[in-house]
>>> print(open('my_file.pdb').read())   # PDB, C-alpha atoms and all ligand atoms
ATOM      1  CA  MET A   1       0.000   0.000   0.000  1.00  0.00           C
ATOM      2  CA  GLN A   2       1.228   3.487  -0.767  1.00  0.00           C
ATOM      3  CA  THR A   3       1.223   5.589   2.348  1.00  0.00           C
ATOM      4  CA  SER A   4       2.930   8.775   1.185  1.00  0.00           C
ATOM      5  CA  ALA A   5       0.713  11.613  -0.001  1.00  0.00           C
ATOM      6  CA  PRO A   6       1.432  12.624  -3.579  1.00  0.00           C
ATOM      7  CA  SER A   7       1.649  16.356  -4.235  1.00  0.00           C
ATOM      8  CA  GLN A   8      -1.157  18.605  -5.564  1.00  0.00           C
ATOM      9  CA  SER A   9      -3.861  16.480  -4.008  1.00  0.00           C
ATOM     10  CA  ALA A  10      -7.312  17.634  -2.936  1.00  0.00           C
ATOM     11  CA  ALA A  11      -7.178  14.713  -0.518  1.00  0.00           C
ATOM     12  CA  PRO A  12      -6.093  14.563   3.112  1.00  0.00           C
ATOM     13  CA  SER A  13      -2.329  14.686   3.580  1.00  0.00           C
ATOM     14  CA  ASP A  14      -2.357  12.453   6.661  1.00  0.00           C
ATOM     15  CA  LEU A  15      -2.875   9.161   4.882  1.00  0.00           C
ATOM     16  CA  PRO A  16      -3.315   6.200   7.249  1.00  0.00           C
ATOM     17  CA  SER A  17      -0.637   3.619   7.907  1.00  0.00           C
ATOM     18  CA  ARG A  18      -3.223   0.808   7.830  1.00  0.00           C
ATOM     19  CA  LEU A  19      -6.096   0.111   5.501  1.00  0.00           C
ATOM     20  CA  LEU A  20      -9.280   2.008   6.321  1.00  0.00           C
ATOM     21  CA  VAL A  21     -12.413  -0.117   6.473  1.00  0.00           C
ATOM     22  CA  LYS A  22     -15.864   0.948   5.379  1.00  0.00           C
ATOM     23  CA  VAL A  23     -18.836  -1.333   5.973  1.00  0.00           C
ATOM     24  CA  CYS A  24     -21.610  -0.286   3.624  1.00  0.00           C
ATOM     25  CA  GLY A  25     -25.326  -0.937   3.328  1.00  0.00           C
ATOM     26  CA  MET A  26     -26.212  -0.824   7.016  1.00  0.00           C
ATOM     27  CA  ARG A  27     -29.943  -0.708   7.786  1.00  0.00           C
ATOM     28  CA  GLU A  28     -31.348  -2.110  10.956  1.00  0.00           C
ATOM     29  CA  ALA A  29     -30.447  -1.334  14.548  1.00  0.00           C
ATOM     30  CA  ALA A  30     -29.192  -4.706  15.789  1.00  0.00           C
ATOM     31  CA  SER A  31     -26.497  -5.312  13.192  1.00  0.00           C
ATOM     32  CA  LEU A  32     -25.682  -1.585  13.100  1.00  0.00           C
ATOM     33  CA  THR A  33     -24.777  -1.593  16.783  1.00  0.00           C
ATOM     34  CA  ALA A  34     -22.896  -4.884  16.588  1.00  0.00           C
ATOM     35  CA  VAL A  35     -20.861  -3.790  13.570  1.00  0.00           C
ATOM     36  CA  ALA A  36     -20.158  -0.324  15.010  1.00  0.00           C
ATOM     37  CA  ASP A  37     -18.712  -2.073  18.081  1.00  0.00           C
ATOM     38  CA  LEU A  38     -16.098  -3.644  15.797  1.00  0.00           C
ATOM     39  CA  GLU A  39     -14.753  -0.142  15.077  1.00  0.00           C
ATOM     40  CA  PRO A  40     -14.811   0.195  11.295  1.00  0.00           C
ATOM     41  CA  ASP A  41     -13.602   3.599  10.091  1.00  0.00           C
ATOM     42  CA  PHE A  42     -16.760   4.275   8.054  1.00  0.00           C
ATOM     43  CA  LEU A  43     -20.319   2.988   8.032  1.00  0.00           C
ATOM     44  CA  GLY A  44     -22.320   3.420   4.835  1.00  0.00           C
ATOM     45  CA  PHE A  45     -26.070   3.979   4.486  1.00  0.00           C
ATOM     46  CA  ILE A  46     -27.802   3.669   1.131  1.00  0.00           C
ATOM     47  CA  PHE A  47     -30.190   6.510   0.297  1.00  0.00           C
ATOM     48  CA  ALA A  48     -30.926   5.222  -3.224  1.00  0.00           C
ATOM     49  CA  PRO A  49     -34.538   3.942  -3.310  1.00  0.00           C
ATOM     50  CA  ALA A  50     -33.866   1.251  -5.923  1.00  0.00           C
ATOM     51  CA  SER A  51     -31.354  -0.556  -3.724  1.00  0.00           C
ATOM     52  CA  PRO A  52     -32.389  -3.556  -1.613  1.00  0.00           C
ATOM     53  CA  ARG A  53     -30.337  -1.829   1.100  1.00  0.00           C
ATOM     54  CA  TYR A  54     -32.280   1.428   0.904  1.00  0.00           C
ATOM     55  CA  VAL A  55     -32.631   2.770   4.422  1.00  0.00           C
ATOM     56  CA  GLY A  56     -36.148   4.096   3.765  1.00  0.00           C
ATOM     57  CA  ASP A  57     -38.002   4.609   7.033  1.00  0.00           C
ATOM     58  CA  VAL A  58     -35.964   1.948   8.839  1.00  0.00           C
ATOM     59  CA  LEU A  59     -33.133   4.260   9.766  1.00  0.00           C
ATOM     60  CA  THR A  60     -33.780   7.170  12.091  1.00  0.00           C
ATOM     61  CA  PRO A  61     -31.466  10.143  12.610  1.00  0.00           C
ATOM     62  CA  ASP A  62     -31.362   9.239  16.324  1.00  0.00           C
ATOM     63  CA  LEU A  63     -29.981   5.804  15.560  1.00  0.00           C
ATOM     64  CA  LEU A  64     -27.286   7.221  13.345  1.00  0.00           C
ATOM     65  CA  GLN A  65     -26.384  10.108  15.572  1.00  0.00           C
ATOM     66  CA  GLY A  66     -25.965   7.662  18.464  1.00  0.00           C
ATOM     67  CA  LEU A  67     -22.960   6.086  16.752  1.00  0.00           C
ATOM     68  CA  PRO A  68     -19.501   6.679  18.215  1.00  0.00           C
ATOM     69  CA  ASP A  69     -17.854   9.837  16.820  1.00  0.00           C
ATOM     70  CA  ARG A  70     -14.834   7.879  15.617  1.00  0.00           C
ATOM     71  CA  VAL A  71     -17.038   6.151  13.011  1.00  0.00           C
ATOM     72  CA  GLN A  72     -17.513   8.306   9.933  1.00  0.00           C
ATOM     73  CA  ARG A  73     -21.088   8.217   8.579  1.00  0.00           C
ATOM     74  CA  VAL A  74     -21.326   7.901   4.817  1.00  0.00           C
ATOM     75  CA  GLY A  75     -24.527   8.449   2.855  1.00  0.00           C
ATOM     76  CA  VAL A  76     -24.639   6.703  -0.517  1.00  0.00           C
ATOM     77  CA  PHE A  77     -26.607   8.390  -3.315  1.00  0.00           C
ATOM     78  CA  VAL A  78     -27.283   7.689  -6.986  1.00  0.00           C
ATOM     79  CA  ASP A  79     -27.958  10.719  -9.193  1.00  0.00           C
ATOM     80  CA  ALA A  80     -29.772  12.614  -6.438  1.00  0.00           C
ATOM     81  CA  PRO A  81     -30.070  16.417  -6.705  1.00  0.00           C
ATOM     82  CA  THR A  82     -27.550  18.387  -4.639  1.00  0.00           C
ATOM     83  CA  ALA A  83     -30.224  19.942  -2.430  1.00  0.00           C
ATOM     84  CA  GLN A  84     -31.634  16.507  -1.568  1.00  0.00           C
ATOM     85  CA  VAL A  85     -28.194  15.089  -0.753  1.00  0.00           C
ATOM     86  CA  GLN A  86     -27.432  18.098   1.380  1.00  0.00           C
ATOM     87  CA  ALA A  87     -30.756  17.962   3.249  1.00  0.00           C
ATOM     88  CA  THR A  88     -30.329  14.230   3.934  1.00  0.00           C
ATOM     89  CA  ALA A  89     -26.756  14.769   5.115  1.00  0.00           C
ATOM     90  CA  CYS A  90     -27.931  17.477   7.474  1.00  0.00           C
ATOM     91  CA  ARG A  91     -30.856  15.419   8.824  1.00  0.00           C
ATOM     92  CA  PHE A  92     -28.730  12.326   9.505  1.00  0.00           C
ATOM     93  CA  GLY A  93     -25.490  14.046  10.500  1.00  0.00           C
ATOM     94  CA  LEU A  94     -23.492  12.512   7.648  1.00  0.00           C
ATOM     95  CA  ASN A  95     -19.748  13.192   7.424  1.00  0.00           C
ATOM     96  CA  PHE A  96     -19.310  11.917   3.866  1.00  0.00           C
ATOM     97  CA  VAL A  97     -21.437  11.494   0.794  1.00  0.00           C
ATOM     98  CA  GLN A  98     -20.633   8.725  -1.659  1.00  0.00           C
ATOM     99  CA  LEU A  99     -21.872   9.324  -5.187  1.00  0.00           C
ATOM    100  CA  HIS A 100     -22.582   6.237  -7.291  1.00  0.00           C
ATOM    101  CA  GLY A 101     -24.267   7.623 -10.377  1.00  0.00           C
ATOM    102  CA  HIS A 102     -23.386  10.116 -13.092  1.00  0.00           C
ATOM    103  CA  GLU A 103     -22.648  12.982 -10.718  1.00  0.00           C
ATOM    104  CA  THR A 104     -20.452  15.651 -12.289  1.00  0.00           C
ATOM    105  CA  PRO A 105     -17.269  17.240 -10.925  1.00  0.00           C
ATOM    106  CA  ALA A 106     -19.349  20.412 -10.430  1.00  0.00           C
ATOM    107  CA  GLN A 107     -21.801  18.565  -8.175  1.00  0.00           C
ATOM    108  CA  CYS A 108     -18.911  17.095  -6.167  1.00  0.00           C
ATOM    109  CA  ALA A 109     -17.540  20.637  -5.774  1.00  0.00           C
ATOM    110  CA  GLU A 110     -20.950  21.995  -4.720  1.00  0.00           C
ATOM    111  CA  LEU A 111     -21.344  19.354  -2.037  1.00  0.00           C
ATOM    112  CA  ARG A 112     -17.823  19.818  -0.801  1.00  0.00           C
ATOM    113  CA  ALA A 113     -18.416  23.565  -0.527  1.00  0.00           C
ATOM    114  CA  THR A 114     -21.138  22.789   2.033  1.00  0.00           C
ATOM    115  CA  GLY A 115     -18.530  21.138   4.264  1.00  0.00           C
ATOM    116  CA  LEU A 116     -19.329  17.554   3.317  1.00  0.00           C
ATOM    117  CA  ARG A 117     -16.572  15.230   2.294  1.00  0.00           C
ATOM    118  CA  VAL A 118     -17.032  13.504  -1.030  1.00  0.00           C
ATOM    119  CA  ILE A 119     -16.328   9.977  -2.239  1.00  0.00           C
ATOM    120  CA  LYS A 120     -16.958   9.516  -5.967  1.00  0.00           C
ATOM    121  CA  ALA A 121     -17.480   5.915  -7.027  1.00  0.00           C
ATOM    122  CA  PHE A 122     -16.549   4.499 -10.421  1.00  0.00           C
ATOM    123  CA  GLY A 123     -17.295   1.101 -11.914  1.00  0.00           C
ATOM    124  CA  VAL A 124     -14.107  -0.428 -13.221  1.00  0.00           C
ATOM    125  CA  GLY A 125     -13.963  -2.745 -16.189  1.00  0.00           C
ATOM    126  CA  GLU A 126     -11.343  -3.840 -18.642  1.00  0.00           C
ATOM    127  CA  GLY A 127      -9.694  -0.844 -20.322  1.00  0.00           C
ATOM    128  CA  PHE A 128     -10.900   1.557 -17.640  1.00  0.00           C
ATOM    129  CA  ASP A 129     -10.106   5.138 -18.688  1.00  0.00           C
ATOM    130  CA  PHE A 130      -8.312   6.828 -15.814  1.00  0.00           C
ATOM    131  CA  ASP A 131      -8.201  10.089 -17.816  1.00  0.00           C
ATOM    132  CA  ALA A 132     -11.952  10.469 -17.196  1.00  0.00           C
ATOM    133  CA  LEU A 133     -11.197  10.983 -13.501  1.00  0.00           C
ATOM    134  CA  GLY A 134      -9.053  14.061 -14.078  1.00  0.00           C
ATOM    135  CA  PRO A 135     -11.882  16.644 -13.725  1.00  0.00           C
ATOM    136  CA  TYR A 136     -12.856  15.105 -10.353  1.00  0.00           C
ATOM    137  CA  VAL A 137      -9.406  15.210  -8.782  1.00  0.00           C
ATOM    138  CA  LEU A 138      -9.694  18.589  -7.075  1.00  0.00           C
ATOM    139  CA  HIS A 139     -13.238  17.996  -5.879  1.00  0.00           C
ATOM    140  CA  CYS A 140     -13.145  14.622  -4.138  1.00  0.00           C
ATOM    141  CA  ASP A 141     -11.667  13.390  -0.884  1.00  0.00           C
ATOM    142  CA  TYR A 142     -11.619   9.797  -2.003  1.00  0.00           C
ATOM    143  CA  PHE A 143     -12.469   7.759  -5.053  1.00  0.00           C
ATOM    144  CA  LEU A 144     -14.068   4.341  -4.702  1.00  0.00           C
ATOM    145  CA  PHE A 145     -13.410   1.703  -7.328  1.00  0.00           C
ATOM    146  CA  ASP A 146     -16.136  -0.897  -7.650  1.00  0.00           C
ATOM    147  CA  ALA A 147     -16.980  -3.661 -10.103  1.00  0.00           C
ATOM    148  CA  GLN A 148     -19.329  -2.898 -12.961  1.00  0.00           C
ATOM    149  CA  GLY A 149     -22.669  -4.714 -12.878  1.00  0.00           C
ATOM    150  CA  PRO A 150     -26.399  -4.353 -13.453  1.00  0.00           C
ATOM    151  CA  ALA A 151     -26.859  -2.148 -10.363  1.00  0.00           C
ATOM    152  CA  PRO A 152     -24.951   1.056  -9.553  1.00  0.00           C
ATOM    153  CA  GLY A 153     -23.413  -0.756  -6.548  1.00  0.00           C
ATOM    154  CA  GLY A 154     -23.758  -3.795  -4.335  1.00  0.00           C
ATOM    155  CA  ASN A 155     -23.313  -6.235  -7.220  1.00  0.00           C
ATOM    156  CA  GLY A 156     -21.139  -8.650  -5.248  1.00  0.00           C
ATOM    157  CA  ARG A 157     -18.671  -8.858  -8.110  1.00  0.00           C
ATOM    158  CA  VAL A 158     -14.900  -8.664  -7.886  1.00  0.00           C
ATOM    159  CA  PHE A 159     -13.032  -6.852 -10.657  1.00  0.00           C
ATOM    160  CA  ASP A 160      -9.445  -7.384 -11.758  1.00  0.00           C
ATOM    161  CA  TRP A 161      -7.531  -5.269  -9.261  1.00  0.00           C
ATOM    162  CA  ARG A 162      -4.442  -5.279 -11.497  1.00  0.00           C
ATOM    163  CA  VAL A 163      -6.099  -2.431 -13.446  1.00  0.00           C
ATOM    164  CA  LEU A 164      -5.270  -0.234 -10.441  1.00  0.00           C
ATOM    165  CA  GLU A 165      -1.536  -0.817 -10.820  1.00  0.00           C
ATOM    166  CA  ASN A 166      -1.720   2.033 -13.340  1.00  0.00           C
ATOM    167  CA  TYR A 167      -3.665   4.442 -11.122  1.00  0.00           C
ATOM    168  CA  PRO A 168      -2.180   7.860 -11.939  1.00  0.00           C
ATOM    169  CA  TRP A 169      -3.975  10.362  -9.653  1.00  0.00           C
ATOM    170  CA  PRO A 170      -3.180  11.774  -6.189  1.00  0.00           C
ATOM    171  CA  VAL A 171      -6.665  11.167  -4.748  1.00  0.00           C
ATOM    172  CA  PRO A 172      -6.620   8.164  -2.376  1.00  0.00           C
ATOM    173  CA  TYR A 173      -9.206   5.468  -3.002  1.00  0.00           C
ATOM    174  CA  LEU A 174     -11.171   2.639  -1.434  1.00  0.00           C
ATOM    175  CA  LEU A 175     -11.327  -0.741  -3.139  1.00  0.00           C
ATOM    176  CA  ALA A 176     -14.835  -2.235  -3.379  1.00  0.00           C
ATOM    177  CA  GLY A 177     -16.677  -5.038  -5.117  1.00  0.00           C
ATOM    178  CA  GLY A 178     -17.606  -8.457  -3.793  1.00  0.00           C
ATOM    179  CA  LEU A 179     -15.082  -8.508  -0.949  1.00  0.00           C
ATOM    180  CA  ARG A 180     -15.511 -11.430   1.428  1.00  0.00           C
ATOM    181  CA  PRO A 181     -13.554 -12.577   4.506  1.00  0.00           C
ATOM    182  CA  GLU A 182     -11.607 -15.017   2.302  1.00  0.00           C
ATOM    183  CA  HIS A 183     -10.058 -11.981   0.553  1.00  0.00           C
ATOM    184  CA  ALA A 184      -8.670 -10.407   3.713  1.00  0.00           C
ATOM    185  CA  ALA A 185      -5.209 -11.975   3.624  1.00  0.00           C
ATOM    186  CA  VAL A 186      -4.656 -10.960  -0.007  1.00  0.00           C
ATOM    187  CA  VAL A 187      -6.116  -7.483   0.467  1.00  0.00           C
ATOM    188  CA  ARG A 188      -3.898  -6.908   3.475  1.00  0.00           C
ATOM    189  CA  ASN A 189      -0.797  -7.333   1.325  1.00  0.00           C
ATOM    190  CA  LEU A 190      -1.947  -5.428  -1.748  1.00  0.00           C
ATOM    191  CA  GLN A 191       0.593  -2.932  -3.023  1.00  0.00           C
ATOM    192  CA  LEU A 192      -1.416  -0.593  -5.222  1.00  0.00           C
ATOM    193  CA  PRO A 193      -0.704   3.105  -5.717  1.00  0.00           C
ATOM    194  CA  GLY A 194      -3.286   5.267  -3.946  1.00  0.00           C
ATOM    195  CA  LEU A 195      -5.042   2.417  -2.121  1.00  0.00           C
ATOM    196  CA  VAL A 196      -5.966   3.530   1.408  1.00  0.00           C
ATOM    197  CA  GLY A 197      -8.973   1.427   2.292  1.00  0.00           C
ATOM    198  CA  ILE A 198     -11.584  -1.156   1.462  1.00  0.00           C
ATOM    199  CA  ASP A 199     -15.345  -1.193   1.257  1.00  0.00           C
ATOM    200  CA  LEU A 200     -17.300  -4.243   2.427  1.00  0.00           C
ATOM    201  CA  ASN A 201     -20.916  -4.970   1.671  1.00  0.00           C
ATOM    202  CA  SER A 202     -22.825  -7.957   0.301  1.00  0.00           C
ATOM    203  CA  GLY A 203     -19.997 -10.383   1.085  1.00  0.00           C
ATOM    204  CA  LEU A 204     -20.718  -9.940   4.783  1.00  0.00           C
ATOM    205  CA  GLU A 205     -24.493 -10.205   4.700  1.00  0.00           C
ATOM    206  CA  ILE A 206     -27.135 -12.543   6.058  1.00  0.00           C
ATOM    207  CA  ALA A 207     -29.709 -10.699   3.914  1.00  0.00           C
ATOM    208  CA  PRO A 208     -29.513  -7.385   1.983  1.00  0.00           C
ATOM    209  CA  GLY A 209     -28.762  -4.711   4.566  1.00  0.00           C
ATOM    210  CA  VAL A 210     -28.302  -7.204   7.405  1.00  0.00           C
ATOM    211  CA  LYS A 211     -24.618  -7.665   8.128  1.00  0.00           C
ATOM    212  CA  ASP A 212     -23.274 -10.696   9.935  1.00  0.00           C
ATOM    213  CA  PRO A 213     -21.039  -9.253  12.686  1.00  0.00           C
ATOM    214  CA  ALA A 214     -19.068 -12.520  12.774  1.00  0.00           C
ATOM    215  CA  ARG A 215     -18.151 -12.140   9.099  1.00  0.00           C
ATOM    216  CA  VAL A 216     -17.196  -8.505   9.623  1.00  0.00           C
ATOM    217  CA  ALA A 217     -15.028  -9.544  12.569  1.00  0.00           C
ATOM    218  CA  ALA A 218     -13.476 -12.341  10.497  1.00  0.00           C
ATOM    219  CA  PHE A 219     -12.519  -9.843   7.769  1.00  0.00           C
ATOM    220  CA  LEU A 220     -11.034  -7.396  10.261  1.00  0.00           C
ATOM    221  CA  ASP A 221      -9.173 -10.220  11.941  1.00  0.00           C
ATOM    222  CA  GLY A 222      -7.786 -11.284   8.554  1.00  0.00           C
ATOM    223  CA  LEU A 223      -6.545  -7.748   8.031  1.00  0.00           C
ATOM    224  CA  GLY A 224      -4.744  -7.972  11.355  1.00  0.00           C
ATOM    225  CA  ARG A 225      -6.582  -5.072  12.929  1.00  0.00           C
ATOM    226  CA  PRO A 226      -6.053  -5.004  16.678  1.00  0.00           C
ATOM    227  CA  GLY A 227      -9.205  -5.374  18.749  1.00  0.00           C
ATOM    228  CA  ALA A 228     -11.187  -6.619  15.775  1.00  0.00           C
ATOM    229  CA  ALA A 229     -11.790 -10.130  17.082  1.00  0.00           C
ATOM    230  CA  ALA A 230     -15.467 -10.982  17.746  1.00  0.00           C
TER
HETATM  231  O1  LIG A 301     -25.143  -1.723  -2.048  1.00  0.00           O
HETATM  232  C1  LIG A 301     -26.049  -1.265  -2.735  1.00  0.00           C
HETATM  233  O2  LIG A 301     -27.162  -1.808  -2.786  1.00  0.00           O
HETATM  234  C2  LIG A 301     -25.821  -0.026  -3.558  1.00  0.00           C
HETATM  235  C3  LIG A 301     -26.839   0.387  -4.399  1.00  0.00           C
HETATM  236  C4  LIG A 301     -26.692   1.533  -5.156  1.00  0.00           C
HETATM  237  C5  LIG A 301     -25.524   2.264  -5.084  1.00  0.00           C
HETATM  238  C6  LIG A 301     -24.488   1.853  -4.254  1.00  0.00           C
HETATM  239  C7  LIG A 301     -24.608   0.706  -3.490  1.00  0.00           C
HETATM  240  N1  LIG A 301     -23.574   0.256  -2.704  1.00  0.00           N
HETATM  241  C8  LIG A 301     -22.424   1.065  -2.490  1.00  0.00           C
HETATM  242  C9  LIG A 301     -21.224   0.448  -1.917  1.00  0.00           C
HETATM  243  O3  LIG A 301     -20.347   1.165  -1.452  1.00  0.00           O
HETATM  244  C10 LIG A 301     -20.998  -1.033  -1.952  1.00  0.00           C
HETATM  245  O4  LIG A 301     -20.367  -1.375  -0.779  1.00  0.00           O
HETATM  246  C11 LIG A 301     -20.128  -1.378  -3.166  1.00  0.00           C
HETATM  247  O5  LIG A 301     -20.903  -1.201  -4.306  1.00  0.00           O
HETATM  248  C12 LIG A 301     -19.624  -2.837  -3.106  1.00  0.00           C
HETATM  249  O6  LIG A 301     -20.694  -3.728  -2.913  1.00  0.00           O
HETATM  250  P1  LIG A 301     -20.473  -5.317  -2.971  1.00  0.00           P
HETATM  251  O7  LIG A 301     -20.070  -5.676  -4.348  1.00  0.00           O
HETATM  252  O8  LIG A 301     -21.769  -5.890  -2.564  1.00  0.00           O
HETATM  253  O9  LIG A 301     -19.392  -5.635  -1.991  1.00  0.00           O
END
>>> encode(input="my_file.pdb", output="structure tokens")
Amino acid sequence: MQTSAPSQSAAPSDLPSRLLVKVCGMREAASLTAVADLEPDFLGFIFAPASPRYVGDVLTPDLLQGLPDRVQRVGVFVDAPTAQVQATACRFGLNFVQLHGHETPAQCAELRATGLRVIKAFGVGEGFDFDALGPYVLHCDYFLFDAQGPAPGGNGRVFDWRVLENYPWPVPYLLAGGLRPEHAAVVRNLQLPGLVGIDLNSGLEIAPGVKDPARVAAFLDGLGRPGAAA
């Protein structure tokens, strides 16, 4: 993993010395509390109505605001208007917004100007065009690289991570797409430029939006994170 911050980055300069972990697609209270106790760096909540992990009326601001401060709250959106993203972020006390649709660099900039931190997600396939990311570089805190699939996210597919060996930008990124506990040992030793964290979702689920805390703990254990054992 690269841990030095490249120059001219819009991203934080204090890059972590260990992989950050985001657990995405949290919905109901029981698994939310159990997973938060395992101390991931980020918890993700899907605000896209078409997703089987859509938080809908299940998630209350109280539940989310009761999380420990050390856990960053990420709202995931797909092509939602800026005002709606901003209002949702305000209502739920989100720290980050993760944009999984066709959001433009201008929309990333608008959201960032409100004080939110921005993760822009991209589906990676063969021949992925890294040049297309250039206009986003100054307006995002992180990128997230996910597998392409029928849905904008949560497809449970792994892409060929070797594509990222050629990652040319200074924005740090999270690796996503079908990660399961069996991947932890390999992920732990990945040496990819710009990689600072991973995003876990359907590979840890009992049902869409219901995470299995034992599988989350197993992944964290495989990464060698202290205190992550169940
Ligand atoms: O998870 C969803 O249902 C989802 C739907 C629409 C947009 C984004 C979504 N997920 C965002 C994530 O960050 C997922 O963790 C990422 O796509 C990886 O998911 P998976 O392949 O299931 O590990």
>>> residues_near_ligand(input="my_file.pdb", ligand="ligand LIG 301 (chain A)", cutoff="9 Å", atoms="only C-alpha atoms and all ligand atoms", output="JSON, numbers by chain")
{"A": [22, 23, 24, 25, 44, 45, 46, 47, 48, 49, 50, 51, 52, 53, 54, 76, 77, 78, 98, 99, 100, 101, 121, 123, 144, 145, 146, 147, 148, 149, 151, 152, 153, 154, 155, 156, 157, 158, 175, 176, 177, 178, 179, 180, 199, 200, 201, 202, 203, 204, 205, 208, 209]}
>>> closest_residue(input="my_file.pdb", among="A:Leu192, A:Val187, A:Leu138, A:Ala132", to="Pro170 of chain A", atoms="all atoms listed in the file")
A:Leu138
>>> residues_around(input="my_file.pdb", residues="segment 57-74 of chain A", least_positions_apart="3", cutoff="8 Å", atoms="only C-alpha atoms", output="list in words")
Arg27, Glu28, Ala29, Thr33, Ala36, Glu39, Pro40, Asp41, Phe42, Leu43, Gly44, Phe45, Arg91, Phe92, Gly93, Leu94, Asn95, Phe96, Val97 and Gln98 of chain A
>>> closest_residue(input="my_file.pdb", among="A:Val21, A:Cys108, A:Ala87, A:Val171", to="Leu38 of chain A", atoms="all atoms listed in the file")
A:Val21
>>> atom_distance(input="my_file.pdb", atom1="atom CA of Gly197 of chain A", atom2="atom CA of Arg112 of chain A")
20.6 Å
>>> decode(input="my_file.pdb", residues="segment 130-141 of chain A", atoms="N, CA, C and O atoms", output="compact mmCIF listing (two decimals), in the first residue's frame")
# COMPACT_ATOMS: atom_id res chain seq x y z
N PHE A 130 -8.64 5.99 -16.96
CA PHE A 130 -8.31 6.83 -15.81
C PHE A 130 -8.34 8.32 -16.16
O PHE A 130 -8.50 9.15 -15.28
N ASP A 131 -8.18 8.67 -17.43
CA ASP A 131 -8.20 10.09 -17.82
C ASP A 131 -9.55 10.73 -17.45
O ASP A 131 -9.63 11.92 -17.15
N ALA A 132 -10.61 9.94 -17.48
CA ALA A 132 -11.95 10.47 -17.20
C ALA A 132 -12.07 10.98 -15.76
O ALA A 132 -12.99 11.73 -15.42
N LEU A 133 -11.15 10.58 -14.91
CA LEU A 133 -11.20 10.98 -13.50
C LEU A 133 -10.57 12.36 -13.28
O LEU A 133 -10.79 12.98 -12.23
N GLY A 134 -9.80 12.81 -14.23
CA GLY A 134 -9.05 14.06 -14.08
C GLY A 134 -9.90 15.23 -13.57
O GLY A 134 -9.53 15.89 -12.58
N PRO A 135 -11.07 15.50 -14.16
CA PRO A 135 -11.88 16.64 -13.72
C PRO A 135 -12.40 16.52 -12.28
O PRO A 135 -12.86 17.51 -11.70
N TYR A 136 -12.36 15.31 -11.72
CA TYR A 136 -12.86 15.11 -10.35
C TYR A 136 -11.77 15.31 -9.29
O TYR A 136 -12.07 15.43 -8.11
N VAL A 137 -10.51 15.32 -9.73
CA VAL A 137 -9.41 15.21 -8.78
C VAL A 137 -9.45 16.28 -7.69
O VAL A 137 -9.25 15.98 -6.52
N LEU A 138 -9.73 17.51 -8.07
CA LEU A 138 -9.69 18.59 -7.08
C LEU A 138 -10.96 18.68 -6.23
O LEU A 138 -11.04 19.49 -5.32
N HIS A 139 -11.93 17.84 -6.53
CA HIS A 139 -13.24 18.00 -5.88
C HIS A 139 -13.67 16.78 -5.06
O HIS A 139 -14.82 16.72 -4.62
N CYS A 140 -12.79 15.84 -4.89
CA CYS A 140 -13.14 14.62 -4.14
C CYS A 140 -12.09 14.32 -3.08
O CYS A 140 -10.91 14.53 -3.29
N ASP A 141 -12.58 13.80 -1.95
CA ASP A 141 -11.67 13.39 -0.88
C ASP A 141 -11.13 11.99 -1.13
O ASP A 141 -9.98 11.70 -0.79
